[in-house]
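Peer 1: Below is a structure I'd like to ask you about.
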Amino acid sequence: MTIKESVKKYSRLLKDITHIPNKEVEILILHILQKNVIWLHLNYNEEFKEEKLLEKLVKKRATNYPMEYITNKASFYGEIFEVEKNVLIPRPETELLVEKAIEILKNIENPKVLEIGTGSGIISVMIAKEIENINIIAVDINDDALNLALKNAKKHQVEDKITFIKSDLYQNIDENFVFDMTISNPPYIANDYKLPLNVEFEPKNALFGGKVGDELLKKIIDHTYNKKITYLLCEMGYDQRKPLEEYFKNFKVEKYEFYKDYSDFDRGFSIKFKKENK
Ligand SMILES: C[S@@+](CC[C@H](N)C(=O)[O-])C[C@H]1O[C@@H](n2cnc3c(N)ncnc32)[C@H](O)[C@@H]1O
């Protein structure tokens with residue numbers, strides 16, 4: 001069977017779970033053969049000898065198992081990151097959080113940043129790539145996430161700028177450390193929310209933030225303020241703007257801003273706390 005015939009045959013199994021079944025079978029073939037797209041187009045009518053393996057992967061994907069966990073890759077902010085089971089897959093909207101952070105950090109000399117819940121490390125790694133002389137401490141409660149994040153930091157050659165620490169929020173962060181910014185894409189989904197099928201394969205402790213959903217976000221706001229950290233940037237749920245805006249009233253805030261994602265949903269915020277808080 002040729003590659004072309006294989007794409008036609010196996011894409012049928014994926015038509016109910018994706019609107020790009022042909023493309024997905026092609027991606028799986030490229031993953032199996034470890035080739036790139038240009039090679040694929042030049043060899044579309046060549047014999048494909050790995051049909052058994054393709055069938056196995058297509059069947060796995062047909063259960064809604066995420067493509068990124070099969071290929072162990074995801075693209076984020078124009079770069080390729082390693083992805084592994086048991087660690088959240090990077091989402092495109094998190095690029096907006098990174099963009100907002102870079103805008104602020106490029107105006108701070110030798111900035112020091114704390115990331116809560118680093119997952120695959122995408123946020124810290126991208127910021128470290130873009131900002132010179134930056135120092136980042138990135139924490140997570142998940143060992144698999146911390147190992148993967150370090151791998152991604154090495155892949156992108158920024159491991160000297162980031163220290164990864166296993167910590168439940170701030171528990172293991174030295175009291176004396178001083179930061180200019182906290183950044184976080186924490187778990188923010190309410191515990192009883194029914195996840196879409198594909199998301200079911202991702203780690204629950206990366207997704208669920210508590211009974212209401214914004215509990216961890218609020219703890220992060222409290223801590224950032226109490227530690228006199230000037231900036232806080234967070235991703236959040238589309239329906240959390242109102243309660244969070246209300247919560248901001250408990251603090252001396254110089255300015256804050258909510259931003260929307262690519263689908264025009266509220267998706268995150270940045271706060272600058274007042275200087276007299278220092
Ligand atoms: C939504 S994921 C974000 C991962 C990554 N930063 C990203 O944007 O793709 C949240 C991360 O927070 C971590 N996490 C959950 N609870 C935590 C806690 N109490 N302290 C530190 N990290 C936590 C999870 O393990 C997960 O990696």
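Numbering starts fresh at 1 for the residues of each chain in the structure tokens, the chains themselves are lettered A, B, ... in the order given, and ligands are numbered from 1 as they appear.
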Would you please extract all alpha helix (DSSP H) residues from segment 5-86 of chain A, as assigned by DSSP on the backbone, and give them as a PyMOL selection string?

Peer 2: chain A and resi 5-11+21-33+37-42+51-61+67-71

Peer 1: Which residues are near segment 247-253 of chain A? Cut-off 8 Å, only C-alpha atoms, ignore same chain within fewer than 2 positions. Put them as a ChimeraX atom specification.

Peer 2: /A:218,225,243-245,255-256,271-274,277

Peer 1: Those same residues - N, CA, C and O atoms - I'd like them written as a PDB file, in the first residue's frame.

Peer 2:
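The resulting selection.pdb:
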ATOM      1  N   LYS A 218      -6.580  33.021  43.409  1.00  0.00           N
ATOM      2  CA  LYS A 218      -6.678  33.968  44.534  1.00  0.00           C
ATOM      3  C   LYS A 218      -5.492  33.828  45.489  1.00  0.00           C
ATOM      4  O   LYS A 218      -4.956  34.821  45.977  1.00  0.00           O
ATOM      5  N   TYR A 225       1.032  39.839  46.337  1.00  0.00           N
ATOM      6  CA  TYR A 225       0.861  41.112  47.039  1.00  0.00           C
ATOM      7  C   TYR A 225       1.648  41.115  48.352  1.00  0.00           C
ATOM      8  O   TYR A 225       2.404  42.035  48.633  1.00  0.00           O
ATOM      9  N   PRO A 243     -15.565  37.877  39.294  1.00  0.00           N
ATOM     10  CA  PRO A 243     -15.134  37.623  40.679  1.00  0.00           C
ATOM     11  C   PRO A 243     -13.702  38.081  40.946  1.00  0.00           C
ATOM     12  O   PRO A 243     -13.401  38.552  42.050  1.00  0.00           O
ATOM     13  N   LEU A 244     -12.844  37.987  39.957  1.00  0.00           N
ATOM     14  CA  LEU A 244     -11.452  38.391  40.190  1.00  0.00           C
ATOM     15  C   LEU A 244     -11.346  39.920  40.281  1.00  0.00           C
ATOM     16  O   LEU A 244     -10.646  40.457  41.136  1.00  0.00           O
ATOM     17  N   GLU A 245     -12.087  40.605  39.435  1.00  0.00           N
ATOM     18  CA  GLU A 245     -12.075  42.071  39.459  1.00  0.00           C
ATOM     19  C   GLU A 245     -12.551  42.545  40.847  1.00  0.00           C
ATOM     20  O   GLU A 245     -12.006  43.493  41.410  1.00  0.00           O
ATOM     21  N   LYS A 255      -2.636  49.554  38.538  1.00  0.00           N
ATOM     22  CA  LYS A 255      -3.490  49.340  37.363  1.00  0.00           C
ATOM     23  C   LYS A 255      -3.633  47.847  37.095  1.00  0.00           C
ATOM     24  O   LYS A 255      -2.793  47.042  37.530  1.00  0.00           O
ATOM     25  N   TYR A 256      -4.706  47.516  36.424  1.00  0.00           N
ATOM     26  CA  TYR A 256      -4.863  46.125  35.992  1.00  0.00           C
ATOM     27  C   TYR A 256      -5.537  46.102  34.637  1.00  0.00           C
ATOM     28  O   TYR A 256      -6.158  47.079  34.215  1.00  0.00           O
ATOM     29  N   ILE A 271      -1.699  42.585  36.633  1.00  0.00           N
ATOM     30  CA  ILE A 271      -1.882  43.590  37.692  1.00  0.00           C
ATOM     31  C   ILE A 271      -0.523  44.208  37.967  1.00  0.00           C
ATOM     32  O   ILE A 271       0.486  43.495  38.016  1.00  0.00           O
ATOM     33  N   LYS A 272      -0.536  45.536  38.162  1.00  0.00           N
ATOM     34  CA  LYS A 272       0.652  46.186  38.717  1.00  0.00           C
ATOM     35  C   LYS A 272       0.236  46.726  40.080  1.00  0.00           C
ATOM     36  O   LYS A 272      -0.682  47.560  40.166  1.00  0.00           O
ATOM     37  N   PHE A 273       0.867  46.223  41.136  1.00  0.00           N
ATOM     38  CA  PHE A 273       0.525  46.691  42.479  1.00  0.00           C
ATOM     39  C   PHE A 273       1.192  48.036  42.739  1.00  0.00           C
ATOM     40  O   PHE A 273       2.235  48.354  42.163  1.00  0.00           O
ATOM     41  N   LYS A 274       0.571  48.837  43.621  1.00  0.00           N
ATOM     42  CA  LYS A 274       1.108  50.169  43.933  1.00  0.00           C
ATOM     43  C   LYS A 274       2.464  50.067  44.612  1.00  0.00           C
ATOM     44  O   LYS A 274       2.706  49.153  45.387  1.00  0.00           O
ATOM     45  N   ASN A 277       3.060  49.647  48.390  1.00  0.00           N
ATOM     46  CA  ASN A 277       2.971  48.276  48.938  1.00  0.00           C
ATOM     47  C   ASN A 277       4.361  47.759  49.271  1.00  0.00           C
ATOM     48  O   ASN A 277       4.533  46.833  50.042  1.00  0.00           O
TER      49      ASN A 277
END

Peer 1: Would you name the residues within 8 Å of ligand 1, counting only C-alpha atoms and all ligand atoms, and put them as a JSON list (two decimals) with all heavy atoms, in the first residue's frame?

Peer 2:
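Below you can see selection-v2.json, which holds the result:
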[["chain", "number", "residue", "atom", "x", "y", "z"],
["A", 87, "VAL", "N", 1.67, 15.48, 31.66],
["A", 87, "VAL", "CA", 1.99, 16.90, 31.74],
["A", 87, "VAL", "C", 1.06, 17.62, 30.75],
["A", 87, "VAL", "O", 0.85, 17.12, 29.64],
["A", 87, "VAL", "CB", 3.47, 17.18, 31.36],
["A", 87, "VAL", "CG1", 3.79, 18.65, 31.51],
["A", 87, "VAL", "CG2", 4.41, 16.33, 32.24],
["A", 88, "LEU", "N", 0.54, 18.78, 31.16],
["A", 88, "LEU", "CA", -0.42, 19.48, 30.30],
["A", 88, "LEU", "C", 0.19, 19.84, 28.94],
["A", 88, "LEU", "O", 1.34, 20.26, 28.85],
["A", 88, "LEU", "CB", -0.89, 20.78, 30.98],
["A", 88, "LEU", "CG", -2.10, 21.40, 30.29],
["A", 88, "LEU", "CD1", -3.39, 20.89, 30.92],
["A", 88, "LEU", "CD2", -2.07, 22.92, 30.32],
["A", 89, "ILE", "N", -0.60, 19.68, 27.90],
["A", 89, "ILE", "CA", -0.19, 20.05, 26.54],
["A", 89, "ILE", "C", -0.29, 21.57, 26.40],
["A", 89, "ILE", "O", -1.31, 22.15, 26.79],
["A", 89, "ILE", "CB", -1.09, 19.35, 25.49],
["A", 89, "ILE", "CG1", -0.95, 17.83, 25.61],
["A", 89, "ILE", "CG2", -0.77, 19.83, 24.08],
["A", 89, "ILE", "CD1", -2.02, 17.04, 24.88],
["A", 90, "PRO", "N", 0.74, 22.24, 25.87],
["A", 90, "PRO", "CA", 0.66, 23.70, 25.70],
["A", 90, "PRO", "C", -0.53, 24.10, 24.85],
["A", 90, "PRO", "O", -0.87, 23.42, 23.89],
["A", 90, "PRO", "CB", 1.97, 24.04, 24.97],
["A", 90, "PRO", "CG", 2.88, 22.90, 25.21],
["A", 90, "PRO", "CD", 2.02, 21.69, 25.39],
["A", 91, "ARG", "N", -1.18, 25.21, 25.24],
["A", 91, "ARG", "CA", -2.31, 25.73, 24.49],
["A", 91, "ARG", "C", -1.91, 27.04, 23.80],
["A", 91, "ARG", "O", -1.18, 27.85, 24.41],
["A", 91, "ARG", "CB", -3.49, 26.03, 25.42],
["A", 91, "ARG", "CG", -3.97, 24.84, 26.25],
["A", 91, "ARG", "CD", -4.54, 23.75, 25.36],
["A", 91, "ARG", "NE", -5.44, 22.86, 26.05],
["A", 91, "ARG", "CZ", -5.11, 21.72, 26.67],
["A", 91, "ARG", "NH1", -3.84, 21.33, 26.72],
["A", 91, "ARG", "NH2", -6.03, 20.97, 27.24],
["A", 94, "THR", "N", -1.97, 30.50, 25.63],
["A", 94, "THR", "CA", -0.94, 30.84, 26.63],
["A", 94, "THR", "C", 0.17, 31.70, 26.00],
["A", 94, "THR", "O", 0.91, 32.39, 26.69],
["A", 94, "THR", "CB", -0.41, 29.55, 27.28],
["A", 94, "THR", "OG1", -1.53, 28.81, 27.77],
["A", 94, "THR", "CG2", 0.53, 29.82, 28.44],
["A", 115, "GLU", "N", 7.61, 31.61, 38.35],
["A", 115, "GLU", "CA", 6.48, 30.99, 37.65],
["A", 115, "GLU", "C", 5.87, 29.91, 38.52],
["A", 115, "GLU", "O", 6.56, 28.99, 38.97],
["A", 115, "GLU", "CB", 6.88, 30.39, 36.29],
["A", 115, "GLU", "CG", 5.62, 29.97, 35.56],
["A", 115, "GLU", "CD", 5.73, 29.00, 34.40],
["A", 115, "GLU", "OE1", 6.85, 28.61, 34.02],
["A", 115, "GLU", "OE2", 4.67, 28.59, 33.89],
["A", 116, "ILE", "N", 4.56, 29.97, 38.72],
["A", 116, "ILE", "CA", 3.86, 28.95, 39.51],
["A", 116, "ILE", "C", 3.18, 27.98, 38.54],
["A", 116, "ILE", "O", 2.35, 28.40, 37.72],
["A", 116, "ILE", "CB", 2.78, 29.59, 40.41],
["A", 116, "ILE", "CG1", 3.37, 30.65, 41.35],
["A", 116, "ILE", "CG2", 2.03, 28.51, 41.20],
["A", 116, "ILE", "CD1", 4.25, 30.10, 42.44],
["A", 117, "GLY", "N", 3.53, 26.71, 38.62],
["A", 117, "GLY", "CA", 2.89, 25.68, 37.78],
["A", 117, "GLY", "C", 3.47, 25.67, 36.38],
["A", 117, "GLY", "O", 2.79, 25.92, 35.40],
["A", 118, "THR", "N", 4.75, 25.33, 36.28],
["A", 118, "THR", "CA", 5.46, 25.48, 35.01],
["A", 118, "THR", "C", 5.08, 24.42, 33.96],
["A", 118, "THR", "O", 5.25, 24.63, 32.77],
["A", 118, "THR", "CB", 6.99, 25.52, 35.26],
["A", 118, "THR", "OG1", 7.64, 25.99, 34.09],
["A", 118, "THR", "CG2", 7.53, 24.15, 35.66],
["A", 119, "GLY", "N", 4.56, 23.27, 34.39],
["A", 119, "GLY", "CA", 4.16, 22.23, 33.43],
["A", 119, "GLY", "C", 5.32, 21.84, 32.52],
["A", 119, "GLY", "O", 6.40, 21.48, 32.99],
["A", 120, "SER", "N", 5.12, 21.94, 31.21],
["A", 120, "SER", "CA", 6.18, 21.59, 30.26],
["A", 120, "SER", "C", 7.26, 22.66, 30.18],
["A", 120, "SER", "O", 8.22, 22.51, 29.42],
["A", 120, "SER", "CB", 5.57, 21.37, 28.87],
["A", 120, "SER", "OG", 4.90, 22.55, 28.47],
["A", 121, "GLY", "N", 7.08, 23.76, 30.91],
["A", 121, "GLY", "CA", 8.11, 24.80, 30.95],
["A", 121, "GLY", "C", 7.97, 25.87, 29.87],
["A", 121, "GLY", "O", 8.78, 26.81, 29.80],
["A", 122, "ILE", "N", 6.92, 25.78, 29.07],
["A", 122, "ILE", "CA", 6.82, 26.68, 27.90],
["A", 122, "ILE", "C", 6.92, 28.16, 28.26],
["A", 122, "ILE", "O", 7.57, 28.91, 27.54],
["A", 122, "ILE", "CB", 5.50, 26.45, 27.11],
["A", 122, "ILE", "CG1", 4.30, 26.38, 28.05],
["A", 122, "ILE", "CG2", 5.61, 25.20, 26.24],
["A", 122, "ILE", "CD1", 2.97, 26.58, 27.36],
["A", 123, "ILE", "N", 6.27, 28.57, 29.36],
["A", 123, "ILE", "CA", 6.23, 30.01, 29.68],
["A", 123, "ILE", "C", 7.64, 30.49, 30.07],
["A", 123, "ILE", "O", 8.17, 31.43, 29.48],
["A", 123, "ILE", "CB", 5.22, 30.29, 30.83],
["A", 123, "ILE", "CG1", 3.80, 29.93, 30.36],
["A", 123, "ILE", "CG2", 5.31, 31.73, 31.29],
["A", 123, "ILE", "CD1", 2.74, 30.05, 31.45],
["A", 139, "VAL", "N", 8.21, 26.67, 39.51],
["A", 139, "VAL", "CA", 7.83, 25.57, 40.42],
["A", 139, "VAL", "C", 6.67, 24.76, 39.86],
["A", 139, "VAL", "O", 5.89, 25.23, 39.04],
["A", 139, "VAL", "CB", 7.46, 26.08, 41.84],
["A", 139, "VAL", "CG1", 8.54, 26.96, 42.40],
["A", 139, "VAL", "CG2", 6.13, 26.80, 41.85],
["A", 140, "ASP", "N", 6.58, 23.55, 40.34],
["A", 140, "ASP", "CA", 5.43, 22.68, 40.03],
["A", 140, "ASP", "C", 5.37, 21.61, 41.12],
["A", 140, "ASP", "O", 6.36, 21.34, 41.79],
["A", 140, "ASP", "CB", 5.59, 22.02, 38.66],
["A", 140, "ASP", "CG", 4.23, 21.72, 38.02],
["A", 140, "ASP", "OD1", 3.51, 20.82, 38.54],
["A", 140, "ASP", "OD2", 3.88, 22.36, 37.02],
["A", 141, "ILE", "N", 4.19, 21.01, 41.26],
["A", 141, "ILE", "CA", 4.06, 19.91, 42.23],
["A", 141, "ILE", "C", 4.29, 18.56, 41.56],
["A", 141, "ILE", "O", 4.38, 17.54, 42.23],
["A", 141, "ILE", "CB", 2.64, 19.87, 42.88],
["A", 141, "ILE", "CG1", 1.56, 20.11, 41.81],
["A", 141, "ILE", "CG2", 2.52, 20.82, 44.03],
["A", 141, "ILE", "CD1", 0.17, 19.76, 42.27],
["A", 142, "ASN", "N", 4.37, 18.58, 40.24],
["A", 142, "ASN", "CA", 4.42, 17.33, 39.47],
["A", 142, "ASN", "C", 5.87, 17.06, 39.01],
["A", 142, "ASN", "O", 6.43, 17.83, 38.22],
["A", 142, "ASN", "CB", 3.47, 17.51, 38.27],
["A", 142, "ASN", "CG", 3.49, 16.34, 37.31],
["A", 142, "ASN", "OD1", 4.31, 15.43, 37.41],
["A", 142, "ASN", "ND2", 2.58, 16.36, 36.36],
["A", 145, "ALA", "N", 6.40, 16.89, 35.29],
["A", 145, "ALA", "CA", 6.41, 18.22, 34.68],
["A", 145, "ALA", "C", 7.79, 18.86, 34.84],
["A", 145, "ALA", "O", 8.36, 19.39, 33.88],
["A", 145, "ALA", "CB", 5.33, 19.10, 35.30],
["A", 166, "LYS", "N", 10.62, 21.75, 42.98],
["A", 166, "LYS", "CA", 9.36, 21.09, 43.33],
["A", 166, "LYS", "C", 8.76, 21.84, 44.52],
["A", 166, "LYS", "O", 9.39, 21.94, 45.58],
["A", 166, "LYS", "CB", 9.60, 19.63, 43.68],
["A", 166, "LYS", "CG", 8.28, 18.94, 43.98],
["A", 166, "LYS", "CD", 8.41, 17.45, 44.05],
["A", 166, "LYS", "CE", 7.03, 16.84, 44.21],
["A", 166, "LYS", "NZ", 7.05, 15.41, 44.28],
["A", 167, "SER", "N", 7.59, 22.38, 44.32],
["A", 167, "SER", "CA", 6.98, 23.15, 45.40],
["A", 167, "SER", "C", 5.47, 23.26, 45.20],
["A", 167, "SER", "O", 5.00, 23.50, 44.09],
["A", 167, "SER", "CB", 7.62, 24.56, 45.43],
["A", 167, "SER", "OG", 7.02, 25.36, 46.41],
["A", 168, "ASP", "N", 4.76, 23.10, 46.30],
["A", 168, "ASP", "CA", 3.32, 23.36, 46.31],
["A", 168, "ASP", "C", 3.20, 24.87, 46.49],
["A", 168, "ASP", "O", 3.54, 25.39, 47.56],
["A", 168, "ASP", "CB", 2.69, 22.59, 47.47],
["A", 168, "ASP", "CG", 1.19, 22.81, 47.56],
["A", 168, "ASP", "OD1", 0.67, 23.69, 46.84],
["A", 168, "ASP", "OD2", 0.55, 22.11, 48.35],
["A", 169, "LEU", "N", 2.78, 25.56, 45.46],
["A", 169, "LEU", "CA", 2.79, 27.03, 45.43],
["A", 169, "LEU", "C", 4.16, 27.54, 45.91],
["A", 169, "LEU", "O", 5.16, 27.25, 45.30],
["A", 169, "LEU", "CB", 1.62, 27.61, 46.22],
["A", 169, "LEU", "CG", 0.23, 27.25, 45.67],
["A", 169, "LEU", "CD1", -0.89, 27.80, 46.57],
["A", 169, "LEU", "CD2", 0.01, 27.75, 44.24],
["A", 170, "TYR", "N", 4.18, 28.22, 47.09],
["A", 170, "TYR", "CA", 5.43, 28.90, 47.52],
["A", 170, "TYR", "C", 6.20, 28.13, 48.55],
["A", 170, "TYR", "O", 7.25, 28.59, 49.01],
["A", 170, "TYR", "CB", 5.05, 30.27, 48.11],
["A", 170, "TYR", "CG", 4.10, 30.94, 47.20],
["A", 170, "TYR", "CD1", 2.74, 30.79, 47.35],
["A", 170, "TYR", "CD2", 4.59, 31.65, 46.10],
["A", 170, "TYR", "CE1", 1.87, 31.34, 46.44],
["A", 170, "TYR", "CE2", 3.72, 32.20, 45.20],
["A", 170, "TYR", "CZ", 2.37, 32.04, 45.37],
["A", 170, "TYR", "OH", 1.52, 32.56, 44.46],
["A", 184, "SER", "N", 1.71, 32.98, 36.01],
["A", 184, "SER", "CA", 1.14, 31.65, 36.22],
["A", 184, "SER", "C", -0.03, 31.38, 35.27],
["A", 184, "SER", "O", -0.86, 32.25, 35.02],
["A", 184, "SER", "CB", 0.65, 31.51, 37.66],
["A", 184, "SER", "OG", 0.20, 30.19, 37.89],
["A", 185, "ASN", "N", -0.04, 30.16, 34.79],
["A", 185, "ASN", "CA", -1.23, 29.61, 34.14],
["A", 185, "ASN", "C", -1.64, 28.45, 35.04],
["A", 185, "ASN", "O", -1.31, 27.31, 34.80],
["A", 185, "ASN", "CB", -0.88, 29.12, 32.73],
["A", 185, "ASN", "CG", -2.03, 28.38, 32.07],
["A", 185, "ASN", "OD1", -3.17, 28.49, 32.52],
["A", 185, "ASN", "ND2", -1.73, 27.61, 31.04],
["A", 186, "PRO", "N", -2.32, 28.78, 36.14],
["A", 186, "PRO", "CA", -2.60, 27.74, 37.14],
["A", 186, "PRO", "C", -3.82, 26.92, 36.73],
["A", 186, "PRO", "O", -4.53, 27.28, 35.80],
["A", 186, "PRO", "CB", -2.93, 28.57, 38.38],
["A", 186, "PRO", "CG", -3.58, 29.79, 37.83],
["A", 186, "PRO", "CD", -2.94, 30.06, 36.49],
["A", 187, "PRO", "N", -4.07, 25.81, 37.45],
["A", 187, "PRO", "CA", -5.34, 25.11, 37.23],
["A", 187, "PRO", "C", -6.46, 26.08, 37.61],
["A", 187, "PRO", "O", -6.41, 26.64, 38.71],
["A", 187, "PRO", "CB", -5.27, 23.95, 38.22],
["A", 187, "PRO", "CG", -3.85, 23.87, 38.68],
["A", 187, "PRO", "CD", -3.25, 25.21, 38.51],
["A", 188, "TYR", "N", -7.43, 26.27, 36.75],
["A", 188, "TYR", "CA", -8.50, 27.24, 37.08],
["A", 188, "TYR", "C", -9.90, 26.74, 36.74],
["A", 188, "TYR", "O", -10.86, 27.50, 36.71],
["A", 188, "TYR", "CB", -8.23, 28.60, 36.42],
["A", 188, "TYR", "CG", -7.99, 28.61, 34.92],
["A", 188, "TYR", "CD1", -9.02, 28.34, 34.02],
["A", 188, "TYR", "CD2", -6.73, 28.92, 34.41],
["A", 188, "TYR", "CE1", -8.79, 28.37, 32.65],
["A", 188, "TYR", "CE2", -6.49, 28.95, 33.05],
["A", 188, "TYR", "CZ", -7.53, 28.68, 32.16],
["A", 188, "TYR", "OH", -7.30, 28.70, 30.82],
["A", 203, "PRO", "N", -3.48, 15.55, 32.81],
["A", 203, "PRO", "CA", -3.47, 15.39, 34.28],
["A", 203, "PRO", "C", -4.47, 16.32, 34.96],
["A", 203, "PRO", "O", -4.51, 17.52, 34.69],
["A", 203, "PRO", "CB", -2.04, 15.77, 34.67],
["A", 203, "PRO", "CG", -1.50, 16.54, 33.52],
["A", 203, "PRO", "CD", -2.20, 16.06, 32.30],
["A", 205, "ASN", "N", -4.57, 17.38, 38.00],
["A", 205, "ASN", "CA", -4.04, 18.43, 38.88],
["A", 205, "ASN", "C", -3.46, 19.62, 38.11],
["A", 205, "ASN", "O", -3.00, 20.59, 38.69],
["A", 205, "ASN", "CB", -3.03, 17.87, 39.90],
["A", 205, "ASN", "CG", -1.83, 17.23, 39.23],
["A", 205, "ASN", "OD1", -1.71, 17.25, 38.01],
["A", 205, "ASN", "ND2", -0.95, 16.65, 40.03],
["A", 206, "ALA", "N", -3.48, 19.53, 36.78],
["A", 206, "ALA", "CA", -3.08, 20.68, 35.97],
["A", 206, "ALA", "C", -4.31, 21.49, 35.56],
["A", 206, "ALA", "O", -4.18, 22.59, 35.01],
["A", 206, "ALA", "CB", -2.34, 20.22, 34.72],
["A", 207, "LEU", "N", -5.49, 20.94, 35.81],
["A", 207, "LEU", "CA", -6.71, 21.55, 35.27],
["A", 207, "LEU", "C", -7.64, 22.10, 36.34],
["A", 207, "LEU", "O", -8.14, 23.22, 36.23],
["A", 207, "LEU", "CB", -7.46, 20.50, 34.43],
["A", 207, "LEU", "CG", -6.70, 20.02, 33.19],
["A", 207, "LEU", "CD1", -7.25, 18.71, 32.68],
["A", 207, "LEU", "CD2", -6.76, 21.08, 32.09],
["A", 209, "GLY", "N", -8.94, 23.72, 39.66],
["A", 209, "GLY", "CA", -8.40, 24.70, 40.61],
["A", 209, "GLY", "C", -9.12, 24.73, 41.94],
["A", 209, "GLY", "O", -8.75, 25.51, 42.82],
["A", 216, "LEU", "N", -6.91, 28.77, 43.45],
["A", 216, "LEU", "CA", -5.44, 28.90, 43.35],
["A", 216, "LEU", "C", -5.07, 30.29, 42.84],
["A", 216, "LEU", "O", -4.10, 30.90, 43.30],
["A", 216, "LEU", "CB", -4.87, 27.83, 42.42],
["A", 216, "LEU", "CG", -4.65, 26.45, 43.03],
["A", 216, "LEU", "CD1", -4.15, 25.47, 41.97],
["A", 216, "LEU", "CD2", -3.63, 26.52, 44.15]]

Peer 1: Could you give me, as a ChimeraX atom specification, the residues within 12 Å of Tyr259 of chain A, counting only C-alpha atoms and dropping anything in the same chain fewer than 5 positions from it?

Peer 2: /A:93-94,96-97,99-100,233-238,240-241,264-271

Peer 1: Could you save the residues just selected, with C-alpha atoms, as a PDB file, in the first residue's frame?

Peer 2:
ATOM      1  CA  GLU A  93      -3.795  31.052  24.117  1.00  0.00           C
ATOM      2  CA  THR A  94      -0.935  30.842  26.630  1.00  0.00           C
ATOM      3  CA  LEU A  96      -0.753  35.755  24.843  1.00  0.00           C
ATOM      4  CA  LEU A  97       0.357  35.491  28.479  1.00  0.00           C
ATOM      5  CA  GLU A  99       3.625  38.108  25.015  1.00  0.00           C
ATOM      6  CA  LYS A 100       2.239  40.332  27.806  1.00  0.00           C
ATOM      7  CA  LEU A 233       0.241  37.984  35.161  1.00  0.00           C
ATOM      8  CA  CYS A 234      -2.148  35.037  35.057  1.00  0.00           C
ATOM      9  CA  GLU A 235      -4.235  33.039  32.673  1.00  0.00           C
ATOM     10  CA  MET A 236      -7.781  32.378  33.902  1.00  0.00           C
ATOM     11  CA  GLY A 237     -11.170  30.927  32.909  1.00  0.00           C
ATOM     12  CA  TYR A 238     -13.456  32.818  30.504  1.00  0.00           C
ATOM     13  CA  GLN A 240     -13.677  34.492  36.069  1.00  0.00           C
ATOM     14  CA  ARG A 241     -13.252  38.161  35.204  1.00  0.00           C
ATOM     15  CA  ASP A 264     -12.596  36.607  22.086  1.00  0.00           C
ATOM     16  CA  PHE A 265     -13.151  35.060  25.533  1.00  0.00           C
ATOM     17  CA  ASP A 266     -11.712  36.705  28.657  1.00  0.00           C
ATOM     18  CA  ARG A 267      -8.574  34.648  29.259  1.00  0.00           C
ATOM     19  CA  GLY A 268      -6.173  36.444  31.604  1.00  0.00           C
ATOM     20  CA  PHE A 269      -5.059  39.524  33.457  1.00  0.00           C
ATOM     21  CA  SER A 270      -2.071  41.572  34.471  1.00  0.00           C
ATOM     22  CA  ILE A 271      -1.882  43.590  37.692  1.00  0.00           C
TER      23      ILE A 271
END

Peer 1: Find the distance between atom CA of Leu54 of chain A and atom CA of Ser75 of chain A and write it in Å to one decimal.

Peer 2: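 Rounded to one decimal, the two atoms are 22.3 Å apart.
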
Peer 1: Measuring atom to atom with only C-alpha atoms, identify which of A:Val212, A:Ile134, A:Ile108, A:Leu232 is nearest to Glu159 of chain A.

Peer 2: A:Ile134

Peer 1: Between atom CA of Pro196 of chain A and atom CA of Val125 of chain A, what distance in Å does the model show, to one decimal?

Peer 2: 28.3 Å

Peer 1: Find the spatial neighbours of segment 47-53 of chain A, counting only C-alpha atoms, within a cut-off of 8 Å - ignore same-chain residues fewer than 3 positions away - and output them as a list of chain:residue names.

Peer 2: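 So, after excluding close chain neighbours, the residues are A:Met1, A:Thr2, A:Ile3, A:Ser6, A:Ile32, A:Lys56, A:Leu57.
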
Peer 1: Go ahead and write the residues just picked, N, CA, C and O atoms, as a PDB file, in the first residue's frame.

Peer 2:
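Output file part-v9.pdb follows:
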ATOM      1  N   MET A   1       0.843  -1.200   0.000  1.00  0.00           N
ATOM      2  CA  MET A   1       0.000   0.000   0.000  1.00  0.00           C
ATOM      3  C   MET A   1       0.886   1.261   0.000  1.00  0.00           C
ATOM      4  O   MET A   1       1.867   1.313   0.749  1.00  0.00           O
ATOM      5  N   THR A   2       0.513   2.249  -0.819  1.00  0.00           N
ATOM      6  CA  THR A   2       1.334   3.472  -0.858  1.00  0.00           C
ATOM      7  C   THR A   2       0.964   4.391   0.306  1.00  0.00           C
ATOM      8  O   THR A   2      -0.058   4.183   0.982  1.00  0.00           O
ATOM      9  N   ILE A   3       1.767   5.429   0.466  1.00  0.00           N
ATOM     10  CA  ILE A   3       1.466   6.411   1.519  1.00  0.00           C
ATOM     11  C   ILE A   3       0.097   7.031   1.228  1.00  0.00           C
ATOM     12  O   ILE A   3      -0.754   7.146   2.115  1.00  0.00           O
ATOM     13  N   SER A   6      -2.640   4.747   2.143  1.00  0.00           N
ATOM     14  CA  SER A   6      -2.740   4.610   3.608  1.00  0.00           C
ATOM     15  C   SER A   6      -3.467   5.811   4.204  1.00  0.00           C
ATOM     16  O   SER A   6      -4.298   5.662   5.107  1.00  0.00           O
ATOM     17  N   ILE A  32       6.096   8.223  12.435  1.00  0.00           N
ATOM     18  CA  ILE A  32       6.606   6.848  12.352  1.00  0.00           C
ATOM     19  C   ILE A  32       7.918   6.820  11.563  1.00  0.00           C
ATOM     20  O   ILE A  32       8.890   6.183  11.963  1.00  0.00           O
ATOM     21  N   LYS A  56      -2.228   0.975  14.563  1.00  0.00           N
ATOM     22  CA  LYS A  56      -2.257   1.032  16.032  1.00  0.00           C
ATOM     23  C   LYS A  56      -2.374   2.496  16.517  1.00  0.00           C
ATOM     24  O   LYS A  56      -3.185   2.814  17.390  1.00  0.00           O
ATOM     25  N   LEU A  57      -1.565   3.366  15.926  1.00  0.00           N
ATOM     26  CA  LEU A  57      -1.578   4.769  16.365  1.00  0.00           C
ATOM     27  C   LEU A  57      -2.879   5.462  15.978  1.00  0.00           C
ATOM     28  O   LEU A  57      -3.419   6.265  16.748  1.00  0.00           O
TER      29      LEU A  57
END
